[in-house]
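Student: Got a file for you: query_15.cif, mmCIF, C-alpha atoms and all ligand atoms.
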```cif
data_run
#
loop_
_atom_site.label_atom_id
_atom_site.label_comp_id
_atom_site.auth_asym_id
_atom_site.auth_seq_id
_atom_site.Cartn_x
_atom_site.Cartn_y
_atom_site.Cartn_z
CA MET A 20 73.36 38.63 13.11
CA LEU A 21 74.49 36.92 16.27
CA GLY A 22 75.25 38.77 19.47
CA ARG A 23 78.89 39.09 20.38
CA PHE A 24 80.86 38.24 23.49
CA PHE A 25 78.77 35.27 24.44
CA ARG A 26 79.71 33.18 27.42
CA ARG A 27 78.15 29.81 26.77
CA LYS A 28 77.72 27.04 29.25
CA ASP A 29 79.43 23.85 27.94
CA ASN A 30 80.11 25.63 24.63
CA GLN A 31 76.50 25.23 23.61
CA ASP A 32 75.30 27.30 20.70
CA SER A 33 72.17 29.16 21.77
CA THR A 34 70.76 29.09 18.22
CA GLU A 35 70.39 25.32 18.59
CA VAL A 36 68.71 25.20 21.99
CA PRO A 37 65.01 25.74 22.56
CA LEU A 38 63.80 28.75 24.49
CA ASP A 39 63.23 27.91 28.17
CA LEU A 40 60.01 29.66 29.17
CA THR A 41 60.73 28.98 32.84
CA ASN A 42 63.91 31.09 32.76
CA ILE A 43 62.94 34.36 31.12
CA PRO A 44 64.94 37.41 32.34
CA SER A 45 62.41 39.39 34.34
CA HIS A 46 64.01 42.78 33.62
CA ILE A 47 65.55 43.47 30.21
CA ALA A 48 67.22 46.82 29.54
CA ILE A 49 68.09 47.93 26.01
CA ILE A 50 70.44 50.61 24.72
CA MET A 51 68.73 51.27 21.41
CA ASP A 52 71.67 52.48 19.33
CA GLY A 53 72.52 52.87 15.65
CA ASN A 54 69.57 54.84 14.27
CA GLY A 55 71.84 57.47 12.69
CA ARG A 56 74.13 54.93 11.02
CA TRP A 57 71.12 52.95 9.78
CA ALA A 58 69.88 56.10 8.03
CA LYS A 59 73.31 57.11 6.73
CA LYS A 60 73.76 53.71 5.12
CA ARG A 61 70.60 54.42 3.12
CA GLY A 62 71.50 58.01 2.25
CA LEU A 63 68.74 59.29 4.55
CA PRO A 64 68.84 62.00 7.24
CA ARG A 65 69.50 60.77 10.81
CA ILE A 66 65.94 61.51 11.85
CA ALA A 67 64.69 58.90 9.38
CA GLY A 68 66.57 56.36 11.48
CA HIS A 69 64.96 57.62 14.68
CA ARG A 70 61.53 57.37 13.07
CA GLU A 71 62.16 53.82 11.91
CA GLY A 72 63.54 52.90 15.34
CA THR A 73 60.30 53.96 16.99
CA LYS A 74 58.38 51.31 15.03
CA VAL A 75 60.74 48.66 16.33
CA ILE A 76 59.98 49.66 19.93
CA LYS A 77 56.36 48.60 19.53
CA LYS A 78 57.31 45.17 18.09
CA ILE A 79 59.84 44.51 20.84
CA VAL A 80 57.42 45.56 23.61
CA LYS A 81 54.83 43.12 22.25
CA LYS A 82 57.32 40.28 22.01
CA ALA A 83 58.77 40.93 25.48
CA ASN A 84 55.26 40.90 26.89
CA GLU A 85 54.51 37.59 25.13
CA LEU A 86 57.69 36.06 26.50
CA GLY A 87 56.65 36.95 30.05
CA VAL A 88 59.25 39.65 30.68
CA SER A 89 58.12 41.83 33.63
CA ILE A 90 60.10 45.01 32.97
CA LEU A 91 61.51 46.43 29.75
CA THR A 92 63.71 49.51 30.18
CA LEU A 93 64.56 51.39 26.99
CA TYR A 94 67.29 54.04 26.78
CA ALA A 95 65.60 56.72 24.67
CA PHE A 96 67.52 59.94 25.43
CA SER A 97 70.62 60.42 27.55
CA THR A 98 71.72 63.46 29.55
CA GLU A 99 74.60 63.64 27.03
CA ASN A 100 72.32 63.62 23.97
CA TRP A 101 71.67 67.38 24.51
CA LYS A 102 75.06 67.83 22.80
CA ARG A 103 73.52 66.91 19.43
CA PRO A 104 72.36 69.53 16.88
CA LYS A 105 69.22 71.31 18.07
CA ASP A 106 67.10 69.95 15.20
CA GLU A 107 67.96 66.38 16.16
CA VAL A 108 67.34 67.00 19.87
CA ASP A 109 63.97 68.57 19.06
CA PHE A 110 63.06 65.59 16.91
CA LEU A 111 64.16 63.07 19.55
CA LEU A 112 62.09 64.82 22.20
CA LYS A 113 59.01 64.73 19.97
CA LEU A 114 59.29 60.98 19.54
CA PRO A 115 57.74 59.95 22.88
CA GLU A 116 54.67 61.97 21.92
CA SER A 117 54.36 60.57 18.41
CA PHE A 118 55.05 57.04 19.67
CA LEU A 119 52.35 57.34 22.33
CA ASN A 120 49.88 59.06 20.00
CA THR A 121 50.15 56.09 17.68
CA TYR A 122 50.49 53.22 20.11
CA LEU A 123 48.99 54.14 23.50
CA PRO A 124 45.64 52.46 22.75
CA GLU A 125 47.46 49.22 21.87
CA LEU A 126 49.68 49.46 24.95
CA ILE A 127 46.58 49.86 27.11
CA GLU A 128 45.02 46.86 25.39
CA GLU A 129 48.17 44.82 25.97
CA ASN A 130 48.02 45.65 29.71
CA VAL A 131 51.37 47.53 29.60
CA GLN A 132 52.30 49.99 32.38
CA VAL A 133 54.29 53.00 31.17
CA ARG A 134 56.94 54.54 33.45
CA ILE A 135 59.70 57.09 32.94
CA MET A 136 63.20 57.19 34.41
CA GLY A 137 65.09 60.47 34.15
CA GLU A 138 65.01 64.19 34.85
CA LYS A 139 61.69 65.64 33.75
CA SER A 140 62.30 69.25 34.81
CA ASN A 141 64.16 70.39 31.68
CA LEU A 142 62.21 68.37 29.13
CA PRO A 143 59.82 70.25 26.84
CA ALA A 144 56.29 70.56 28.26
CA HIS A 145 54.77 68.63 25.34
CA THR A 146 57.06 65.66 26.01
CA VAL A 147 56.22 65.61 29.72
CA ARG A 148 52.51 65.93 28.99
CA ALA A 149 52.57 62.96 26.61
CA VAL A 150 54.41 60.66 29.02
CA ASP A 151 52.36 61.78 32.02
CA THR A 152 49.17 60.98 30.14
CA ALA A 153 50.50 57.53 29.24
CA ILE A 154 51.60 56.88 32.82
CA GLU A 155 48.21 57.89 34.14
CA GLN A 156 46.22 55.93 31.58
CA THR A 157 48.20 52.76 32.18
CA GLN A 158 48.61 53.02 35.96
CA HIS A 159 46.00 50.35 36.72
CA ASN A 160 47.44 47.85 34.24
CA ASP A 161 49.45 45.01 35.71
CA GLY A 162 51.30 43.60 32.69
CA LEU A 163 54.75 44.49 31.34
CA ILE A 164 56.32 47.63 32.81
CA LEU A 165 57.64 49.71 29.92
CA ASN A 166 60.19 52.04 31.47
CA PHE A 167 61.55 54.79 29.21
CA ALA A 168 64.93 56.20 30.23
CA LEU A 169 64.38 59.75 29.05
CA ASN A 170 66.84 62.50 29.83
CA TYR A 171 68.59 59.82 31.84
CA GLY A 172 72.23 59.65 32.92
CA SER A 173 73.51 57.28 35.56
CA ARG A 174 76.02 59.72 37.04
CA TYR A 175 73.32 62.37 37.25
CA GLU A 176 70.98 59.88 38.93
CA LEU A 177 73.65 58.91 41.47
CA SER A 178 74.56 62.56 42.13
CA LYS A 179 70.91 63.33 42.86
CA ALA A 180 70.71 60.32 45.20
CA ILE A 181 73.84 61.47 47.06
CA GLN A 182 72.42 65.01 47.38
CA GLN A 183 69.21 63.67 48.91
CA ILE A 184 71.03 61.33 51.28
CA ALA A 185 73.40 64.12 52.39
CA SER A 186 70.45 66.43 52.95
CA ASP A 187 68.71 63.79 55.12
CA VAL A 188 71.88 63.39 57.17
CA LYS A 189 72.15 67.16 57.57
CA THR A 190 68.59 67.49 58.82
CA GLY A 191 69.08 64.57 61.19
CA SER A 192 66.46 62.28 59.64
CA LEU A 193 69.19 59.83 58.62
CA SER A 194 72.40 58.77 60.34
CA ILE A 195 75.58 58.06 58.43
CA GLU A 196 75.54 54.44 59.67
CA ASP A 197 72.23 53.90 57.86
CA ILE A 198 73.82 54.49 54.45
CA ASN A 199 74.11 51.14 52.72
CA GLU A 200 73.49 49.59 49.29
CA ASP A 201 69.74 49.24 49.80
CA LEU A 202 69.47 52.87 50.84
CA VAL A 203 71.34 54.06 47.75
CA SER A 204 69.12 51.88 45.52
CA ALA A 205 66.07 53.36 47.24
CA HIS A 206 67.16 56.87 46.20
CA LEU A 207 67.47 56.14 42.46
CA PHE A 208 64.83 57.29 39.96
CA ARG A 209 62.89 54.01 39.87
CA PRO A 210 63.55 52.31 43.19
CA GLU A 211 60.59 49.97 42.74
CA LEU A 212 62.19 48.24 39.74
CA LYS A 213 64.58 45.36 40.32
CA ASP A 214 67.99 45.48 38.65
CA PRO A 215 68.12 44.34 35.01
CA ASP A 216 68.91 40.66 34.39
CA LEU A 217 69.89 41.21 30.78
CA LEU A 218 71.28 44.27 29.00
CA ILE A 219 71.17 44.43 25.20
CA ARG A 220 73.04 47.05 23.19
CA THR A 221 72.61 47.30 19.45
CA SER A 222 74.87 48.92 16.81
CA GLY A 223 78.20 47.29 17.64
CA GLU A 224 79.31 49.73 20.35
CA ILE A 225 80.65 47.87 23.37
CA ARG A 226 80.08 50.43 26.10
CA LEU A 227 77.45 51.53 28.60
CA SER A 228 77.26 55.25 27.73
CA ASN A 229 76.28 56.28 31.27
CA PHE A 230 73.38 53.80 31.51
CA MET A 231 72.33 52.27 34.85
CA LEU A 232 75.89 51.92 36.15
CA TRP A 233 74.75 51.01 39.66
CA GLN A 234 71.92 48.70 38.60
CA LEU A 235 73.98 46.76 36.03
CA ALA A 236 76.49 45.45 38.61
CA TYR A 237 75.49 41.80 38.02
CA THR A 238 73.53 42.07 34.78
CA GLU A 239 74.35 39.78 31.85
CA LEU A 240 75.55 41.89 28.89
CA TRP A 241 74.72 41.12 25.26
CA PHE A 242 75.96 43.09 22.27
CA THR A 243 74.94 42.90 18.64
CA ASP A 244 76.15 44.68 15.48
CA THR A 245 72.57 45.12 14.30
CA PHE A 246 71.43 48.75 14.12
CA TRP A 247 68.34 49.39 16.25
CA PRO A 248 65.93 49.91 13.28
CA ASP A 249 66.87 46.39 12.08
CA PHE A 250 66.53 44.74 15.50
CA SER A 251 63.86 42.04 15.42
CA GLU A 252 61.78 39.83 17.68
CA ASP A 253 63.95 36.90 16.57
CA GLU A 254 67.06 38.66 17.77
CA LEU A 255 65.41 39.40 21.12
CA VAL A 256 64.69 35.70 21.48
CA GLN A 257 68.30 34.97 20.51
CA ALA A 258 69.53 37.28 23.28
CA VAL A 259 67.24 35.60 25.80
CA LYS A 260 68.37 32.12 24.75
CA ASP A 261 71.96 33.18 25.15
CA TYR A 262 71.18 34.61 28.57
CA GLN A 263 69.75 31.19 29.49
CA LEU A 264 73.12 29.59 28.77
CA ARG A 265 74.98 31.87 31.15
CA GLY A 266 75.94 30.70 34.61
CA ARG A 267 75.01 33.54 36.97
CA ARG A 268 77.03 33.25 40.17
CA PHE A 269 76.79 36.69 41.78
CA GLY A 270 80.22 36.08 43.26
CA GLY A 271 79.31 32.69 44.70
CA VAL A 272 79.95 29.23 43.26
CA GLN A 273 77.92 27.48 40.58
CA SER A 274 75.28 25.17 41.99
CA GLY A 275 74.93 21.67 40.49
C1 LIG A 301 70.28 55.85 19.04
O1 LIG A 301 70.79 56.03 17.78
C2 LIG A 301 69.26 56.88 19.42
C3 LIG A 301 69.73 57.83 20.44
C4 LIG A 301 70.91 57.85 20.97
C5 LIG A 301 68.79 58.83 20.90
P1 LIG A 301 71.92 57.10 17.46
O2 LIG A 301 71.27 58.38 17.10
O3 LIG A 301 72.91 57.20 18.55
O4 LIG A 301 72.57 56.46 16.16
P2 LIG A 301 74.12 56.35 15.82
O5 LIG A 301 74.77 55.70 17.02
O6 LIG A 301 74.62 57.74 15.60
O7 LIG A 301 74.18 55.50 14.61
C1 LIG A 302 73.33 55.93 24.08
O1 LIG A 302 73.65 56.05 22.76
C2 LIG A 302 72.08 56.70 24.41
C3 LIG A 302 70.84 56.17 23.88
C4 LIG A 302 70.71 55.07 23.19
C5 LIG A 302 69.66 56.94 24.19
P1 LIG A 302 74.64 57.19 22.23
O2 LIG A 302 74.70 57.03 20.75
O3 LIG A 302 74.25 58.51 22.75
O4 LIG A 302 76.01 56.77 22.91
P2 LIG A 302 77.51 57.04 22.49
O5 LIG A 302 77.65 58.52 22.24
O6 LIG A 302 77.76 56.26 21.23
O7 LIG A 302 78.33 56.53 23.61
MG MG A 303 74.58 56.24 18.98
#
```
Show how you would write the structure in this file as structure tokens.

Tutor:
Amino acid sequence: MLGRFFRRKDNQDSTEVPLDLTNIPSHIAIIMDGNGRWAKKRGLPRIAGHREGTKVIKKIVKKANELGVSILTLYAFSTENWKRPKDEVDFLLKLPESFLNTYLPELIEENVQVRIMGEKSNLPAHTVRAVDTAIEQTQHNDGLILNFALNYGSRYELSKAIQQIASDVKTGSLSIEDINEDLVSAHLFRPELKDPDLLIRTSGEIRLSNFMLWQLAYTELWFTDTFWPDFSEDELVQAVKDYQLRGRRFGGVQSG
């Protein structure tokens, strides 16, 4: 199924244009949504959708790496997802561990670097242990950065940044005049990662759900009705091709 809300240069249809390997978005962020509805449609419990969705992660990581994407950020668990039934939360927080138990050797082989973006302090110890091991074992790799947004919320992230900045002002190590956009960016969870070039959201919802509100200021947005467990490598390529037809101006005027 095609992504929605395209903005195409010269009304070109991205399905008909070849992929331009010289213009691959270097940071792609994905809101992996629709696992529950995928399962419901099949008369299965929601967790069956989460399990199926985990398999898709591995395929998409491999394809993104092949395409030459530098950073892939995946929204895995939001600060609002704690509102779900305890059984589902427990299952979701076991997924990083089962994903990494199955796939870490392949990720190492594929030169992937694992990172995490979110609040670790109230995650279960087994979840933190699994991601810390993956981070450590992939720290010397220099291929695709696979950044899991886990217990992540953009408003939480910004509140923490503001707290830290205010504290530095209070202690005198920072003056108010030094507060600017770069300084705020430097206080986010993953300051070393550039802002996403392309955001993909699956499942037909057209919203950001508290995801990277600061970092997405000039990101190209791409929405598809496909539920995450049905998302494919072909659809990733489709999103990238559509991105390549966008005219990014960043508030300036189009060159050429
Ligand atoms: C995405 O699928 C996974 C997480 C949010 C953790 P959902 O579980 O939100 O699936 P739907 O949106 O209810 O179908
Ligand atoms: C966003 O999906 C969070 C993740 C994909 C991890 P949700 O399913 O939680 O978002 P809403 O509730 O539909 O906005
Ligand atoms: Mg959802």

Student: Select the residues contacting ligand LIG 301 (chain A) at a distance of at most 7 Å, based on all atoms listed in the file, then format the selection as a PDB file with C-alpha atoms, in the frame of the given file.

Tutor:
```
ATOM      1  CA  MET A  51      68.730  51.270  21.410  1.00  0.00           C
ATOM      2  CA  ASP A  52      71.670  52.480  19.330  1.00  0.00           C
ATOM      3  CA  GLY A  53      72.520  52.870  15.650  1.00  0.00           C
ATOM      4  CA  ASN A  54      69.570  54.840  14.270  1.00  0.00           C
ATOM      5  CA  GLY A  55      71.840  57.470  12.690  1.00  0.00           C
ATOM      6  CA  ARG A  56      74.130  54.930  11.020  1.00  0.00           C
ATOM      7  CA  TRP A  57      71.120  52.950   9.780  1.00  0.00           C
ATOM      8  CA  ARG A  65      69.500  60.770  10.810  1.00  0.00           C
ATOM      9  CA  HIS A  69      64.960  57.620  14.680  1.00  0.00           C
ATOM     10  CA  ALA A  95      65.600  56.720  24.670  1.00  0.00           C
ATOM     11  CA  PHE A  96      67.520  59.940  25.430  1.00  0.00           C
ATOM     12  CA  ASN A 100      72.320  63.620  23.970  1.00  0.00           C
ATOM     13  CA  LEU A 111      64.160  63.070  19.550  1.00  0.00           C
ATOM     14  CA  SER A 222      74.870  48.920  16.810  1.00  0.00           C
TER      15      SER A 222
END
```

Student: Within 8 Å of Pro44 of chain A, counting all atoms listed in the file, which residues qualify if same-chain residues fewer than 5 places away don't, as a VMD selection string?

Tutor: chain A and resid 88 216 to 217 259 262

Student: Could those residues be written to a file, using C-alpha atoms, as a PDB file, in the frame of the given file?

Tutor:
```
ATOM      1  CA  VAL A  88      59.250  39.650  30.680  1.00  0.00           C
ATOM      2  CA  ASP A 216      68.910  40.660  34.390  1.00  0.00           C
ATOM      3  CA  LEU A 217      69.890  41.210  30.780  1.00  0.00           C
ATOM      4  CA  VAL A 259      67.240  35.600  25.800  1.00  0.00           C
ATOM      5  CA  TYR A 262      71.180  34.610  28.570  1.00  0.00           C
TER       6      TYR A 262
END
```

Student: List the spatial neighbours of segment 244-257 of chain A as a list of chain:residue names - criterion: any atom at most 8 Å away, only C-alpha atoms, same-chain residues fewer than 6 positions off excluded.

Tutor: A:Met20, A:Leu21, A:Gly22, A:Arg23, A:Ser33, A:Thr34, A:Leu38, A:Met51, A:Asp52, A:Gly53, A:Asn54, A:Arg56, A:Trp57, A:Gly68, A:His69, A:Glu71, A:Gly72, A:Thr73, A:Lys74, A:Val75, A:Lys78, A:Ile79, A:Lys82, A:Thr221, A:Ser222, A:Gly223, A:Glu224

Student: Select from segment 114-199 of chain A every residue with an atom at most 9 Å from any atom of segment 226-240 of chain A, then for each give the shortest pair of atoms and their distance in Å to one decimal, using all atoms listed in the file, rows by chain and rising number, as a Markdown table.

Tutor:
```
| residue | atom | partner | partner_atom | distance |
| --- | --- | --- | --- | --- |
| A:Ala168 | CA | A:Phe230 | CA | 8.9 |
| A:Tyr171 | CA | A:Phe230 | CA | 7.7 |
| A:Gly172 | CA | A:Asn229 | CA | 5.5 |
| A:Ser173 | CA | A:Met231 | CA | 5.2 |
| A:Arg174 | CA | A:Asn229 | CA | 6.7 |
| A:Glu176 | CA | A:Met231 | CA | 8.7 |
| A:Leu177 | CA | A:Trp233 | CA | 8.2 |
```

Student: For ligand LIG 302 (chain A), which residue out of A:Lys102, A:Lys189, A:Arg70, A:Arg265 is the nearest one, using all atoms listed in the file?

Tutor: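 Result for the nearest residue to ligand LIG 302 (chain A): A:Lys102.
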
Student: What would segment 44-61 of chain A look like with N, CA, C and O atoms in place, written as a PDB file, in the coordinates of the input?

Tutor:
```pdb
ATOM      1  N   PRO A  44      64.446  36.291  31.505  1.00  0.00           N
ATOM      2  CA  PRO A  44      64.940  37.410  32.340  1.00  0.00           C
ATOM      3  C   PRO A  44      63.766  38.317  32.713  1.00  0.00           C
ATOM      4  O   PRO A  44      62.984  38.700  31.839  1.00  0.00           O
ATOM      5  N   SER A  45      63.614  38.632  33.993  1.00  0.00           N
ATOM      6  CA  SER A  45      62.410  39.390  34.340  1.00  0.00           C
ATOM      7  C   SER A  45      62.573  40.877  34.017  1.00  0.00           C
ATOM      8  O   SER A  45      61.595  41.546  33.743  1.00  0.00           O
ATOM      9  N   HIS A  46      63.798  41.377  34.021  1.00  0.00           N
ATOM     10  CA  HIS A  46      64.010  42.780  33.620  1.00  0.00           C
ATOM     11  C   HIS A  46      65.048  42.812  32.492  1.00  0.00           C
ATOM     12  O   HIS A  46      66.197  42.425  32.695  1.00  0.00           O
ATOM     13  N   ILE A  47      64.618  43.281  31.336  1.00  0.00           N
ATOM     14  CA  ILE A  47      65.550  43.470  30.210  1.00  0.00           C
ATOM     15  C   ILE A  47      65.701  44.968  29.972  1.00  0.00           C
ATOM     16  O   ILE A  47      64.703  45.706  29.921  1.00  0.00           O
ATOM     17  N   ALA A  48      66.950  45.417  29.861  1.00  0.00           N
ATOM     18  CA  ALA A  48      67.220  46.820  29.540  1.00  0.00           C
ATOM     19  C   ALA A  48      67.886  46.866  28.167  1.00  0.00           C
ATOM     20  O   ALA A  48      68.723  45.997  27.851  1.00  0.00           O
ATOM     21  N   ILE A  49      67.526  47.855  27.366  1.00  0.00           N
ATOM     22  CA  ILE A  49      68.090  47.930  26.010  1.00  0.00           C
ATOM     23  C   ILE A  49      68.628  49.330  25.717  1.00  0.00           C
ATOM     24  O   ILE A  49      67.928  50.336  25.919  1.00  0.00           O
ATOM     25  N   ILE A  50      69.879  49.369  25.248  1.00  0.00           N
ATOM     26  CA  ILE A  50      70.440  50.610  24.720  1.00  0.00           C
ATOM     27  C   ILE A  50      70.182  50.565  23.217  1.00  0.00           C
ATOM     28  O   ILE A  50      70.842  49.831  22.474  1.00  0.00           O
ATOM     29  N   MET A  51      69.184  51.321  22.799  1.00  0.00           N
ATOM     30  CA  MET A  51      68.730  51.270  21.410  1.00  0.00           C
ATOM     31  C   MET A  51      69.640  52.188  20.593  1.00  0.00           C
ATOM     32  O   MET A  51      69.406  53.390  20.511  1.00  0.00           O
ATOM     33  N   ASP A  52      70.665  51.639  19.983  1.00  0.00           N
ATOM     34  CA  ASP A  52      71.670  52.480  19.330  1.00  0.00           C
ATOM     35  C   ASP A  52      71.801  52.130  17.844  1.00  0.00           C
ATOM     36  O   ASP A  52      71.532  51.003  17.444  1.00  0.00           O
ATOM     37  N   GLY A  53      72.227  53.117  17.059  1.00  0.00           N
ATOM     38  CA  GLY A  53      72.520  52.870  15.650  1.00  0.00           C
ATOM     39  C   GLY A  53      71.504  53.445  14.667  1.00  0.00           C
ATOM     40  O   GLY A  53      71.583  53.179  13.468  1.00  0.00           O
ATOM     41  N   ASN A  54      70.581  54.262  15.171  1.00  0.00           N
ATOM     42  CA  ASN A  54      69.570  54.840  14.270  1.00  0.00           C
ATOM     43  C   ASN A  54      70.228  55.720  13.193  1.00  0.00           C
ATOM     44  O   ASN A  54      69.845  55.674  12.023  1.00  0.00           O
ATOM     45  N   GLY A  55      71.182  56.540  13.613  1.00  0.00           N
ATOM     46  CA  GLY A  55      71.840  57.470  12.690  1.00  0.00           C
ATOM     47  C   GLY A  55      72.604  56.720  11.605  1.00  0.00           C
ATOM     48  O   GLY A  55      72.501  57.055  10.413  1.00  0.00           O
ATOM     49  N   ARG A  56      73.356  55.697  12.012  1.00  0.00           N
ATOM     50  CA  ARG A  56      74.130  54.930  11.020  1.00  0.00           C
ATOM     51  C   ARG A  56      73.226  54.141  10.090  1.00  0.00           C
ATOM     52  O   ARG A  56      73.516  53.968   8.917  1.00  0.00           O
ATOM     53  N   TRP A  57      72.101  53.656  10.620  1.00  0.00           N
ATOM     54  CA  TRP A  57      71.120  52.950   9.780  1.00  0.00           C
ATOM     55  C   TRP A  57      70.659  53.877   8.653  1.00  0.00           C
ATOM     56  O   TRP A  57      70.582  53.486   7.497  1.00  0.00           O
ATOM     57  N   ALA A  58      70.366  55.134   9.026  1.00  0.00           N
ATOM     58  CA  ALA A  58      69.880  56.100   8.030  1.00  0.00           C
ATOM     59  C   ALA A  58      70.989  56.465   7.043  1.00  0.00           C
ATOM     60  O   ALA A  58      70.771  56.504   5.827  1.00  0.00           O
ATOM     61  N   LYS A  59      72.191  56.696   7.578  1.00  0.00           N
ATOM     62  CA  LYS A  59      73.310  57.110   6.730  1.00  0.00           C
ATOM     63  C   LYS A  59      73.587  56.073   5.643  1.00  0.00           C
ATOM     64  O   LYS A  59      73.821  56.411   4.483  1.00  0.00           O
ATOM     65  N   LYS A  60      73.522  54.810   6.062  1.00  0.00           N
ATOM     66  CA  LYS A  60      73.760  53.710   5.120  1.00  0.00           C
ATOM     67  C   LYS A  60      72.789  53.757   3.935  1.00  0.00           C
ATOM     68  O   LYS A  60      73.078  53.289   2.846  1.00  0.00           O
ATOM     69  N   ARG A  61      71.627  54.334   4.168  1.00  0.00           N
ATOM     70  CA  ARG A  61      70.600  54.420   3.120  1.00  0.00           C
ATOM     71  C   ARG A  61      70.536  55.799   2.472  1.00  0.00           C
ATOM     72  O   ARG A  61      69.595  56.096   1.732  1.00  0.00           O
TER      73      ARG A  61
END
```
